[in-house]
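Below is final11.txt, holding compact mmCIF, C-alpha atoms.
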```
# COMPACT_ATOMS: atom_id res chain seq x y z
CA MET Z 284 -5.03 -27.48 -1.70
CA VAL Z 285 -4.89 -24.23 -3.67
CA LEU Z 286 -7.75 -22.88 -1.58
CA ILE Z 287 -5.88 -23.61 1.68
CA LEU Z 288 -2.74 -21.96 0.28
CA ASN Z 289 -4.79 -18.91 -0.72
CA ILE Z 290 -6.34 -18.69 2.76
CA ILE Z 291 -2.89 -18.92 4.43
CA LEU Z 292 -1.54 -16.21 2.11
CA LEU Z 293 -4.53 -13.93 2.74
CA VAL Z 294 -4.17 -14.35 6.52
CA LEU Z 295 -0.45 -13.52 6.19
CA PHE Z 296 -1.37 -10.46 4.10
CA VAL Z 297 -3.77 -9.09 6.72
CA VAL Z 298 -1.51 -10.01 9.68
CA GLY Z 299 1.47 -8.39 7.91
CA ALA Z 300 -0.51 -5.17 7.40
CA VAL Z 301 -1.66 -5.12 11.05
CA TRP Z 302 1.87 -5.83 12.32
CA THR Z 303 3.23 -3.03 10.11
CA MET Z 304 0.89 -0.62 11.85
CA MET Z 305 1.21 -1.99 15.39
CA THR Z 306 4.98 -2.17 15.76
CA THR Z 307 6.65 0.69 17.61
CA ARG Z 308 9.87 1.07 15.62
CA LEU Z 309 9.55 2.67 12.19
CA LEU Z 310 12.26 0.39 10.80
CA HIS Z 311 10.15 -2.64 11.74
CA SER Z 312 7.19 -0.96 10.03
CA ALA Z 313 9.22 -0.58 6.81
CA VAL Z 314 10.22 -4.26 6.98
CA GLY Z 315 6.57 -5.20 7.62
CA LEU Z 316 5.55 -3.20 4.54
CA ALA Z 317 8.10 -5.11 2.44
CA PHE Z 318 6.74 -8.38 3.82
CA THR Z 319 3.16 -7.35 2.98
CA SER Z 320 4.28 -6.47 -0.56
CA ALA Z 321 6.01 -9.83 -0.94
CA VAL Z 322 2.85 -11.68 0.15
CA LEU Z 323 0.79 -9.53 -2.26
CA THR Z 324 3.19 -10.57 -5.04
CA VAL Z 325 2.44 -14.26 -4.39
CA LEU Z 326 -1.30 -13.48 -4.29
CA MET Z 327 -1.01 -11.72 -7.66
CA PHE Z 328 0.73 -14.79 -9.10
CA GLN Z 329 -2.16 -16.88 -7.77
CA LEU Z 330 -4.58 -14.57 -9.63
CA ASP Z 331 -2.83 -15.05 -13.02
CA SER Z 332 -1.13 -11.65 -13.04
CA PRO Z 333 2.61 -12.39 -13.25
CA LEU Z 334 3.80 -9.15 -14.86
CA ALA Z 335 2.10 -6.92 -12.29
CA ALA Z 336 3.40 -9.25 -9.57
CA VAL Z 337 7.00 -8.78 -10.74
CA PHE Z 338 6.45 -5.01 -10.76
CA GLU Z 339 5.03 -5.18 -7.23
CA LEU Z 340 7.99 -7.21 -5.96
CA SER Z 341 10.72 -5.13 -7.56
CA VAL Z 342 9.22 -1.69 -7.06
CA CYS Z 343 7.08 -1.89 -3.91
CA ALA Z 344 8.96 -4.54 -1.92
CA GLY Z 345 12.37 -3.34 -3.13
CA LEU Z 346 12.51 0.31 -4.11
CA VAL Z 347 9.84 1.72 -1.78
CA SER Z 348 11.27 -0.17 1.22
CA ALA Z 349 14.73 1.19 0.41
CA ILE Z 350 13.27 4.72 0.21
CA PHE Z 351 11.53 4.32 3.58
CA ILE Z 352 14.60 2.87 5.29
CA SER Z 353 16.78 5.68 3.91
CA THR Z 354 14.27 8.27 5.15
CA ILE Z 355 14.16 6.69 8.61
CA MET Z 356 17.96 6.73 8.72
CA LEU Z 357 17.99 10.43 7.77
CA THR Z 358 15.64 11.41 10.61
CA LYS Z 359 16.38 11.55 14.33
CA ARG Z 360 17.14 8.35 16.21
CA VAL Z 361 14.97 7.91 19.33
CA THR Z 362 16.54 7.19 22.69
CA ALA Z 363 15.48 4.29 24.94
CA GLU Z 364 13.42 6.63 27.18
CA GLU Z 365 11.68 8.21 24.19
CA LEU Z 366 10.93 4.74 22.84
CA ILE Z 367 9.17 3.76 26.07
CA VAL Z 368 7.06 6.95 25.96
CA GLN Z 369 6.28 6.42 22.26
CA ARG Z 370 5.28 2.82 22.92
CA LYS Z 371 2.75 3.95 25.55
CA ILE Z 372 1.31 6.62 23.23
CA ARG Z 373 1.07 4.16 20.34
CA LEU Z 374 -0.55 1.48 22.48
CA ALA Z 375 -3.14 4.04 23.61
CA SER Z 376 -4.23 4.79 20.05
CA PHE Z 377 -3.54 1.45 18.30
CA TRP Z 378 -4.46 -1.23 20.86
CA PHE Z 379 -7.93 -1.74 19.41
CA LEU Z 380 -6.82 -2.02 15.75
CA PRO Z 381 -6.72 -5.87 15.92
CA ILE Z 382 -10.17 -5.82 17.56
CA VAL Z 383 -11.50 -3.59 14.76
CA VAL Z 384 -10.01 -5.92 12.13
CA VAL Z 385 -11.43 -9.07 13.75
CA ALA Z 386 -14.86 -7.40 14.19
CA ALA Z 387 -14.83 -6.24 10.55
CA ALA Z 388 -13.87 -9.76 9.43
CA ILE Z 389 -16.80 -11.24 11.37
CA VAL Z 390 -19.25 -8.64 10.02
CA LEU Z 391 -18.02 -9.09 6.43
CA SER Z 392 -18.30 -12.87 6.81
CA LEU Z 393 -21.89 -12.60 8.00
CA ILE Z 394 -23.03 -10.17 5.31
CA HIS Z 395 -24.26 -12.01 2.26
CA ILE Z 396 -22.70 -10.34 -0.78
CA PRO Z 397 -24.49 -11.41 -3.98
CA VAL Z 398 -21.85 -12.77 -6.35
CA ASP Z 399 -24.11 -14.27 -9.00
CA PHE Z 400 -23.88 -11.26 -11.29
CA LYS Z 401 -23.53 -11.73 -15.04
CA LEU Z 402 -19.96 -11.51 -16.25
CA PRO Z 403 -19.15 -9.55 -19.42
CA GLU Z 404 -18.08 -11.24 -22.62
CA PRO Z 405 -14.45 -12.42 -22.66
CA PRO Z 406 -12.12 -9.78 -24.12
CA VAL Z 407 -10.69 -9.99 -27.61
CA GLU Z 408 -7.22 -9.09 -26.37
CA ASN Z 409 -5.88 -10.33 -23.02
CA ASN Z 410 -2.12 -10.01 -23.49
CA VAL Z 411 -0.84 -7.35 -21.10
CA LYS Z 412 1.97 -6.20 -23.42
CA ASN Z 413 -0.40 -5.64 -26.34
CA ILE Z 414 -2.93 -3.91 -24.08
CA MET Z 415 -0.28 -1.57 -22.62
CA TRP Z 416 1.28 -0.64 -25.97
CA ASN Z 417 -1.80 -0.67 -28.24
CA LEU Z 418 -4.90 0.02 -26.13
CA ARG Z 419 -3.62 1.94 -23.09
CA HIS Z 420 -0.80 3.96 -24.65
CA LEU Z 421 -2.27 7.13 -23.15
CA ASP Z 422 -1.64 5.56 -19.73
CA LEU Z 423 2.04 5.26 -20.64
CA MET Z 424 2.10 8.97 -21.56
CA GLY Z 425 0.48 9.70 -18.20
CA GLN Z 426 3.04 7.56 -16.39
CA ILE Z 427 5.92 9.40 -18.08
CA ALA Z 428 4.31 12.74 -17.20
CA ILE Z 429 3.86 11.68 -13.56
CA LEU Z 430 7.47 10.46 -13.34
CA LEU Z 431 8.71 13.80 -14.70
CA THR Z 432 6.42 15.63 -12.27
CA GLY Z 433 7.91 13.59 -9.42
CA VAL Z 434 11.45 14.41 -10.51
CA PHE Z 435 10.54 18.10 -10.81
CA GLY Z 436 8.91 18.01 -7.36
CA VAL Z 437 11.98 16.46 -5.71
CA VAL Z 438 14.32 18.92 -7.45
CA THR Z 439 12.15 21.84 -6.27
CA LEU Z 440 12.03 20.50 -2.70
CA PHE Z 441 15.78 20.05 -2.40
CA LYS Z 442 16.83 23.10 -4.42
CA GLU Z 443 19.47 25.08 -2.55
CA SER Z 444 18.49 28.65 -1.87
CA LYS Z 445 20.85 31.44 -2.97
CA HIS Z 446 20.71 32.83 0.56
CA ASP Z 447 22.03 29.59 2.15
CA MET J 257 -20.13 -17.33 -12.26
CA THR J 258 -18.80 -20.68 -11.06
CA ASN J 259 -18.83 -21.62 -7.39
CA ASP J 260 -15.01 -21.68 -7.18
CA MET J 261 -14.82 -18.18 -8.64
CA ALA J 262 -17.41 -16.93 -6.13
CA VAL J 263 -15.33 -18.34 -3.25
CA VAL J 264 -12.16 -16.68 -4.59
CA LEU J 265 -14.00 -13.37 -5.01
CA TRP J 266 -15.40 -13.53 -1.49
CA LEU J 267 -12.11 -14.55 0.21
CA PHE J 268 -9.87 -12.07 -1.58
CA GLY J 269 -12.50 -9.34 -1.34
CA VAL J 270 -12.82 -9.71 2.45
CA ALA J 271 -9.01 -9.72 2.90
CA ALA J 272 -8.59 -6.62 0.72
CA ALA J 273 -11.38 -4.84 2.64
CA LEU J 274 -9.67 -5.67 5.96
CA VAL J 275 -6.34 -4.27 4.74
CA LEU J 276 -8.21 -1.18 3.51
CA ILE J 277 -9.59 -0.74 7.05
CA VAL J 278 -6.06 -1.10 8.51
CA GLY J 279 -4.76 1.61 6.16
CA PHE J 280 -7.59 4.03 6.94
CA TYR J 281 -7.20 3.41 10.68
CA CYS J 282 -3.49 4.19 10.46
CA LEU J 283 -4.10 7.42 8.55
CA ILE J 284 -6.63 8.54 11.18
CA ALA J 285 -4.75 7.44 14.32
CA THR J 286 -1.07 8.13 13.65
CA VAL J 287 0.77 11.37 14.35
CA ASN J 288 4.00 10.35 12.65
CA LEU J 289 4.35 11.53 9.04
CA ILE J 290 6.47 8.54 7.96
CA ARG J 291 3.98 6.11 9.48
CA ALA J 292 1.13 7.94 7.73
CA LEU J 293 2.96 7.34 4.45
CA ILE J 294 3.32 3.66 5.31
CA GLY J 295 -0.45 3.62 5.98
CA LEU J 296 -1.01 5.14 2.53
CA GLU J 297 1.13 2.35 1.06
CA ILE J 298 -0.98 -0.26 2.85
CA LEU J 299 -4.10 1.37 1.37
CA THR J 300 -2.69 1.14 -2.15
CA LYS J 301 -1.79 -2.52 -1.56
CA ALA J 302 -5.47 -3.23 -0.87
CA VAL J 303 -6.55 -1.28 -3.97
CA THR J 304 -4.01 -3.17 -6.12
CA LEU J 305 -5.42 -6.47 -4.87
CA PHE J 306 -8.98 -5.26 -5.66
CA ILE J 307 -7.97 -4.36 -9.25
CA ILE J 308 -6.20 -7.67 -9.85
CA LEU J 309 -9.14 -9.56 -8.30
CA ALA J 310 -11.63 -7.75 -10.57
CA GLY J 311 -9.49 -8.63 -13.60
CA TYR J 312 -9.28 -12.29 -12.54
CA VAL J 313 -13.01 -12.64 -11.95
CA THR J 314 -14.03 -10.98 -15.23
CA GLY J 315 -11.32 -12.72 -17.25
CA ARG J 316 -9.58 -9.44 -18.11
CA THR J 317 -6.26 -10.05 -16.40
CA GLY J 318 -4.36 -8.17 -19.11
CA LEU J 319 -6.25 -4.93 -18.57
CA ALA J 320 -6.11 -5.34 -14.78
CA GLN J 321 -2.34 -5.81 -14.90
CA ALA J 322 -1.95 -2.69 -17.05
CA LEU J 323 -3.98 -0.69 -14.50
CA ALA J 324 -2.06 -2.22 -11.56
CA ILE J 325 1.27 -1.28 -13.15
CA THR J 326 0.02 2.29 -13.65
CA LEU J 327 -1.06 2.35 -9.99
CA ILE J 328 2.36 1.10 -8.85
CA ILE J 329 4.15 3.83 -10.83
CA ILE J 330 1.89 6.54 -9.37
CA GLU J 331 2.37 5.07 -5.88
CA VAL J 332 6.16 5.28 -6.15
CA VAL J 333 6.12 8.87 -7.39
CA VAL J 334 3.73 9.90 -4.60
CA VAL J 335 5.98 8.22 -2.00
CA VAL J 336 9.15 9.84 -3.35
CA VAL J 337 7.66 13.35 -3.36
CA ALA J 338 6.01 12.82 0.04
CA VAL J 339 9.31 11.59 1.52
CA GLY J 340 10.94 14.76 0.19
CA VAL J 341 8.26 16.85 1.93
CA VAL J 342 8.76 14.84 5.17
CA LEU J 343 12.52 15.44 5.06
CA CYS J 344 11.96 19.18 4.49
CA VAL J 345 9.56 19.26 7.45
CA PHE J 346 12.15 17.40 9.55
CA SER J 347 14.94 19.79 8.59
CA HIS J 348 12.78 22.76 9.69
CA ASN J 349 11.18 21.35 12.85
CA LYS J 350 13.58 18.53 13.86
CA SER J 351 10.47 16.37 14.19
CA VAL J 352 8.12 14.36 11.97
CA ASP J 353 5.18 14.77 14.33
CA VAL J 354 2.09 16.22 12.61
CA ARG J 355 1.16 18.12 15.79
CA MET J 356 4.30 20.22 15.31
CA ILE J 357 3.12 21.51 11.91
CA ARG J 358 -0.55 22.16 12.67
CA ASN J 359 0.03 25.87 13.17
CA VAL J 360 1.84 26.41 9.87
CA LYS J 361 0.41 29.34 7.93
CA GLY J 362 1.09 30.48 4.38
```
I'd like the structure from this file rewritten - as structure tokens, please.
Amino acid sequence: MVLILNIILLVLFVVGAVWTMMTTRLLHSAVGLAFTSAVLTVLMFQLDSPLAAVFELSVCAGLVSAIFISTIMLTKRVTAEELIVQRKIRLASFWFLPIVVVAAAIVLSLIHIPVDFKLPEPPVENNVKNIMWNLRHLDLMGQIAILLTGVFGVVTLFKESKHD
Amino acid sequence: MTNDMAVVLWLFGVAAALVLIVGFYCLIATVNLIRALIGLEILTKAVTLFIILAGYVTGRTGLAQALAITLIIIEVVVVVVAVGVVLCVFSHNKSVDVRMIRNVKG
């Protein structure tokens, strides 16, 4: 039962990613990305990673989608004629993406990947909170530095020039 | 490794590889900057699934979650800064087409 659920979720994950890329309207792409993130969240729950799953749902499905939708709203709206032209151009370059995905799936299914490798010893500590605060605290420093870098980057990009 | 674990590894691994292919294809084929960013997001989704899968198979879900959270933070910062760049490009060129900015110098 769990295996069937996993297979359905994985198919939804791949189909969501392909639909995100194939659809003509950018807004639909942003919604498709949110859907793919939501499916990934369920997959992460299935793989015993609830904390990362909550992060994925709130940040990637929520915040990133909001950022993309805001950006799409701030750019130019396409007219009906432009949409028809864009659809033709997109179909010309993206029509064989599903074929590539299906072909890759068949090839990957046929290739025998050896999975009988020896697993390492179970870890002493497996609590994500303890690992983040005690073992990987340098990662937290890096995350804070990256966040500040991002803020600095956005401020620099949108800084008003004195000549304006 | 148990048989169930091998099946999970194979199924999730194939799905993550397929999504990775979709992301790479989008980055190569698209000419729209916003869609290229969405392709980058799809790529990071596949990498996140790979990390979580590796943690599940080896029994180190705690460490895998810590790495996945770090990846999510980096992903958001990259998207925010990249969206800022896209909006600056749009305000200068009135377009988000990469072909419009190929001749930019300096």
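Atom pair CA of Leu323 (chain J) / CA of Val347 (chain Z): separated by 18.9 Å.
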Can you pull out every residue within 10 Å of region 356-367 of chain Z, counting all atoms listed in the file, but drop anything in the same chain fewer than 2 positions away, and send it as a VMD selection string?
(chain Z and resid 307 to 310 350 to 354 369 to 373) or (chain J and resid 290 342 to 343 346 to 347 350 to 352)
(-7.4, -9.6, -10.4) in this file's frame - what residues fall within 12 Å of it? Use only C-alpha atoms and give the answer as number ranges by chain.
Z: 323-324, 326-333, 335-336; J: 261, 264-265, 268-269, 272, 302-324
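All polymer residues at most 12 Å from (-3.7, 1.0, 21.3), using all atoms listed in the file, appear as Met304, Met305, Thr306, Thr307, Gln369, Arg370, Lys371, Ile372, Arg373, Leu374, Ala375, Ser376, Phe377, Trp378, Phe379, Leu380, Pro381, Ile382 and Val383 of chain Z; Tyr281, Cys282, Ala285 and Thr286 of chain J.
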Give the answer as one residue: which of Z:Ala321, Z:Ala344, Z:Leu393, Z:Leu316 has the shortest atom-to-atom distance to chain J, using all atoms listed in the file?
Z:Leu316
Expressed in Å to a single decimal, how great is the separation between CA of Val384 (chain Z) and CA of Ile294 (chain J)?
17.8 Å
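Distances from J:Phe280, J:Val333, J:Leu293, J:Asp260 to chain Z were compared using all atoms listed in the file, and the smallest one belongs to J:Val333.
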Selected residue, from Z:Phe435, Z:Phe338, Z:Trp416, Z:Phe400, that lies nearest to Ile328 (chain J) when counting all atoms listed in the file:
Z:Phe338
Using only C-alpha atoms, tabulate the residues of chain J lying at most 7 Å from any atom of region 284-297 of chain Z, each with its closest atom pair and that distance in Å to one decimal, by chain and increasing residue number, as CSV.
```
residue,atom,partner,partner_atom,distance
J:Ala271,CA,Z:Leu293,CA,6.1
J:Leu274,CA,Z:Val297,CA,6.9
J:Val275,CA,Z:Val297,CA,5.8
```
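Here CA of Ala300 (chain Z) and CA of Gly279 (chain J) stand 8.1 Å from one another.
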Could you pull the residues within 12 Å of Ile329 (chain J), counting only C-alpha atoms, minus those fewer than 6 positions along the same chain, as a PDB file with C-alpha atoms, in the coordinates of the input?
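Below is the file part.pdb, written as the result:
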```
ATOM      1  CA  ALA Z 335       2.100  -6.920 -12.290  1.00  0.00           C
ATOM      2  CA  PHE Z 338       6.450  -5.010 -10.760  1.00  0.00           C
ATOM      3  CA  GLU Z 339       5.030  -5.180  -7.230  1.00  0.00           C
ATOM      4  CA  SER Z 341      10.720  -5.130  -7.560  1.00  0.00           C
ATOM      5  CA  VAL Z 342       9.220  -1.690  -7.060  1.00  0.00           C
ATOM      6  CA  CYS Z 343       7.080  -1.890  -3.910  1.00  0.00           C
ATOM      7  CA  LEU Z 346      12.510   0.310  -4.110  1.00  0.00           C
ATOM      8  CA  VAL Z 347       9.840   1.720  -1.780  1.00  0.00           C
ATOM      9  CA  ASP Z 422      -1.640   5.560 -19.730  1.00  0.00           C
ATOM     10  CA  LEU Z 423       2.040   5.260 -20.640  1.00  0.00           C
ATOM     11  CA  GLY Z 425       0.480   9.700 -18.200  1.00  0.00           C
ATOM     12  CA  GLN Z 426       3.040   7.560 -16.390  1.00  0.00           C
ATOM     13  CA  ILE Z 427       5.920   9.400 -18.080  1.00  0.00           C
ATOM     14  CA  ALA Z 428       4.310  12.740 -17.200  1.00  0.00           C
ATOM     15  CA  ILE Z 429       3.860  11.680 -13.560  1.00  0.00           C
ATOM     16  CA  LEU Z 430       7.470  10.460 -13.340  1.00  0.00           C
ATOM     17  CA  LEU Z 431       8.710  13.800 -14.700  1.00  0.00           C
ATOM     18  CA  GLY Z 433       7.910  13.590  -9.420  1.00  0.00           C
TER      19      GLY Z 433
ATOM     20  CA  THR J 300      -2.690   1.140  -2.150  1.00  0.00           C
ATOM     21  CA  THR J 304      -4.010  -3.170  -6.120  1.00  0.00           C
ATOM     22  CA  ALA J 322      -1.950  -2.690 -17.050  1.00  0.00           C
ATOM     23  CA  LEU J 323      -3.980  -0.690 -14.500  1.00  0.00           C
ATOM     24  CA  VAL J 335       5.980   8.220  -2.000  1.00  0.00           C
ATOM     25  CA  VAL J 336       9.150   9.840  -3.350  1.00  0.00           C
TER      26      VAL J 336
END
```
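Distances here use all atoms listed in the file; by that measure, the residue among J:Leu289, J:Val354, J:Val278, J:Leu296 closest to chain Z is J:Val278.
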Around all listed atoms of region 381-392 of chain Z, padded 5 Å per side, what centre and edge lengths does the axis-aligned box have in Å to one decimal, as lines of an AutoDock Vina configuration file?
```
center_x = -13.0
center_y = -8.2
center_z = 12.0
size_x = 22.5
size_y = 19.3
size_z = 21.1
```
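Nearest to chain Z of all the residues J:Val360, J:Val263, J:Leu299, J:Val337 is J:Val337, based on all atoms listed in the file.
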Starting from the incomplete input, reconstruct N, CA and C atoms of region 415-437 of chain Z and report them as a PDB file, in the frame of the given file.
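Result file follows (selection18.pdb):
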```
ATOM      1  N   MET Z 415      -1.014  -2.773 -23.070  1.00  0.00           N
ATOM      2  CA  MET Z 415      -0.280  -1.570 -22.620  1.00  0.00           C
ATOM      3  C   MET Z 415       0.190  -0.733 -23.804  1.00  0.00           C
ATOM      4  N   TRP Z 416       0.691  -1.395 -24.863  1.00  0.00           N
ATOM      5  CA  TRP Z 416       1.280  -0.640 -25.970  1.00  0.00           C
ATOM      6  C   TRP Z 416       0.243  -0.207 -27.008  1.00  0.00           C
ATOM      7  N   ASN Z 417      -0.846  -0.997 -27.174  1.00  0.00           N
ATOM      8  CA  ASN Z 417      -1.800  -0.670 -28.240  1.00  0.00           C
ATOM      9  C   ASN Z 417      -3.073  -0.002 -27.721  1.00  0.00           C
ATOM     10  N   LEU Z 418      -3.609  -0.516 -26.596  1.00  0.00           N
ATOM     11  CA  LEU Z 418      -4.900   0.020 -26.130  1.00  0.00           C
ATOM     12  C   LEU Z 418      -4.732   1.130 -25.109  1.00  0.00           C
ATOM     13  N   ARG Z 419      -3.749   0.983 -24.201  1.00  0.00           N
ATOM     14  CA  ARG Z 419      -3.620   1.940 -23.090  1.00  0.00           C
ATOM     15  C   ARG Z 419      -2.372   2.795 -23.248  1.00  0.00           C
ATOM     16  N   HIS Z 420      -2.040   3.197 -24.475  1.00  0.00           N
ATOM     17  CA  HIS Z 420      -0.800   3.960 -24.650  1.00  0.00           C
ATOM     18  C   HIS Z 420      -0.891   5.335 -23.996  1.00  0.00           C
ATOM     19  N   LEU Z 421      -2.129   5.836 -23.842  1.00  0.00           N
ATOM     20  CA  LEU Z 421      -2.270   7.130 -23.150  1.00  0.00           C
ATOM     21  C   LEU Z 421      -1.856   7.003 -21.680  1.00  0.00           C
ATOM     22  N   ASP Z 422      -2.092   5.808 -21.116  1.00  0.00           N
ATOM     23  CA  ASP Z 422      -1.640   5.560 -19.730  1.00  0.00           C
ATOM     24  C   ASP Z 422      -0.132   5.695 -19.617  1.00  0.00           C
ATOM     25  N   LEU Z 423       0.568   5.173 -20.657  1.00  0.00           N
ATOM     26  CA  LEU Z 423       2.040   5.260 -20.640  1.00  0.00           C
ATOM     27  C   LEU Z 423       2.485   6.712 -20.676  1.00  0.00           C
ATOM     28  N   MET Z 424       1.786   7.513 -21.507  1.00  0.00           N
ATOM     29  CA  MET Z 424       2.100   8.970 -21.560  1.00  0.00           C
ATOM     30  C   MET Z 424       1.891   9.575 -20.173  1.00  0.00           C
ATOM     31  N   GLY Z 425       0.775   9.186 -19.540  1.00  0.00           N
ATOM     32  CA  GLY Z 425       0.480   9.700 -18.200  1.00  0.00           C
ATOM     33  C   GLY Z 425       1.542   9.293 -17.197  1.00  0.00           C
ATOM     34  N   GLN Z 426       1.999   8.039 -17.311  1.00  0.00           N
ATOM     35  CA  GLN Z 426       3.040   7.560 -16.390  1.00  0.00           C
ATOM     36  C   GLN Z 426       4.331   8.361 -16.559  1.00  0.00           C
ATOM     37  N   ILE Z 427       4.692   8.626 -17.825  1.00  0.00           N
ATOM     38  CA  ILE Z 427       5.920   9.400 -18.080  1.00  0.00           C
ATOM     39  C   ILE Z 427       5.752  10.813 -17.508  1.00  0.00           C
ATOM     40  N   ALA Z 428       4.561  11.394 -17.715  1.00  0.00           N
ATOM     41  CA  ALA Z 428       4.310  12.740 -17.200  1.00  0.00           C
ATOM     42  C   ALA Z 428       4.392  12.761 -15.668  1.00  0.00           C
ATOM     43  N   ILE Z 429       3.831  11.727 -15.031  1.00  0.00           N
ATOM     44  CA  ILE Z 429       3.860  11.680 -13.560  1.00  0.00           C
ATOM     45  C   ILE Z 429       5.285  11.494 -13.053  1.00  0.00           C
ATOM     46  N   LEU Z 430       6.069  10.655 -13.743  1.00  0.00           N
ATOM     47  CA  LEU Z 430       7.470  10.460 -13.340  1.00  0.00           C
ATOM     48  C   LEU Z 430       8.241  11.772 -13.428  1.00  0.00           C
ATOM     49  N   LEU Z 431       8.026  12.517 -14.546  1.00  0.00           N
ATOM     50  CA  LEU Z 431       8.710  13.800 -14.700  1.00  0.00           C
ATOM     51  C   LEU Z 431       8.253  14.796 -13.632  1.00  0.00           C
ATOM     52  N   THR Z 432       6.936  14.758 -13.322  1.00  0.00           N
ATOM     53  CA  THR Z 432       6.420  15.630 -12.270  1.00  0.00           C
ATOM     54  C   THR Z 432       7.086  15.310 -10.935  1.00  0.00           C
ATOM     55  N   GLY Z 433       7.248  14.007 -10.656  1.00  0.00           N
ATOM     56  CA  GLY Z 433       7.910  13.590  -9.420  1.00  0.00           C
ATOM     57  C   GLY Z 433       9.341  14.087  -9.355  1.00  0.00           C
ATOM     58  N   VAL Z 434      10.056  13.938 -10.462  1.00  0.00           N
ATOM     59  CA  VAL Z 434      11.450  14.410 -10.510  1.00  0.00           C
ATOM     60  C   VAL Z 434      11.491  15.920 -10.273  1.00  0.00           C
ATOM     61  N   PHE Z 435      10.602  16.647 -10.964  1.00  0.00           N
ATOM     62  CA  PHE Z 435      10.540  18.100 -10.810  1.00  0.00           C
ATOM     63  C   PHE Z 435      10.217  18.481  -9.361  1.00  0.00           C
ATOM     64  N   GLY Z 436       9.283  17.736  -8.751  1.00  0.00           N
ATOM     65  CA  GLY Z 436       8.910  18.010  -7.360  1.00  0.00           C
ATOM     66  C   GLY Z 436      10.078  17.824  -6.415  1.00  0.00           C
ATOM     67  N   VAL Z 437      10.837  16.727  -6.591  1.00  0.00           N
ATOM     68  CA  VAL Z 437      11.980  16.460  -5.710  1.00  0.00           C
ATOM     69  C   VAL Z 437      13.062  17.518  -5.903  1.00  0.00           C
TER      70      VAL Z 437
END
```
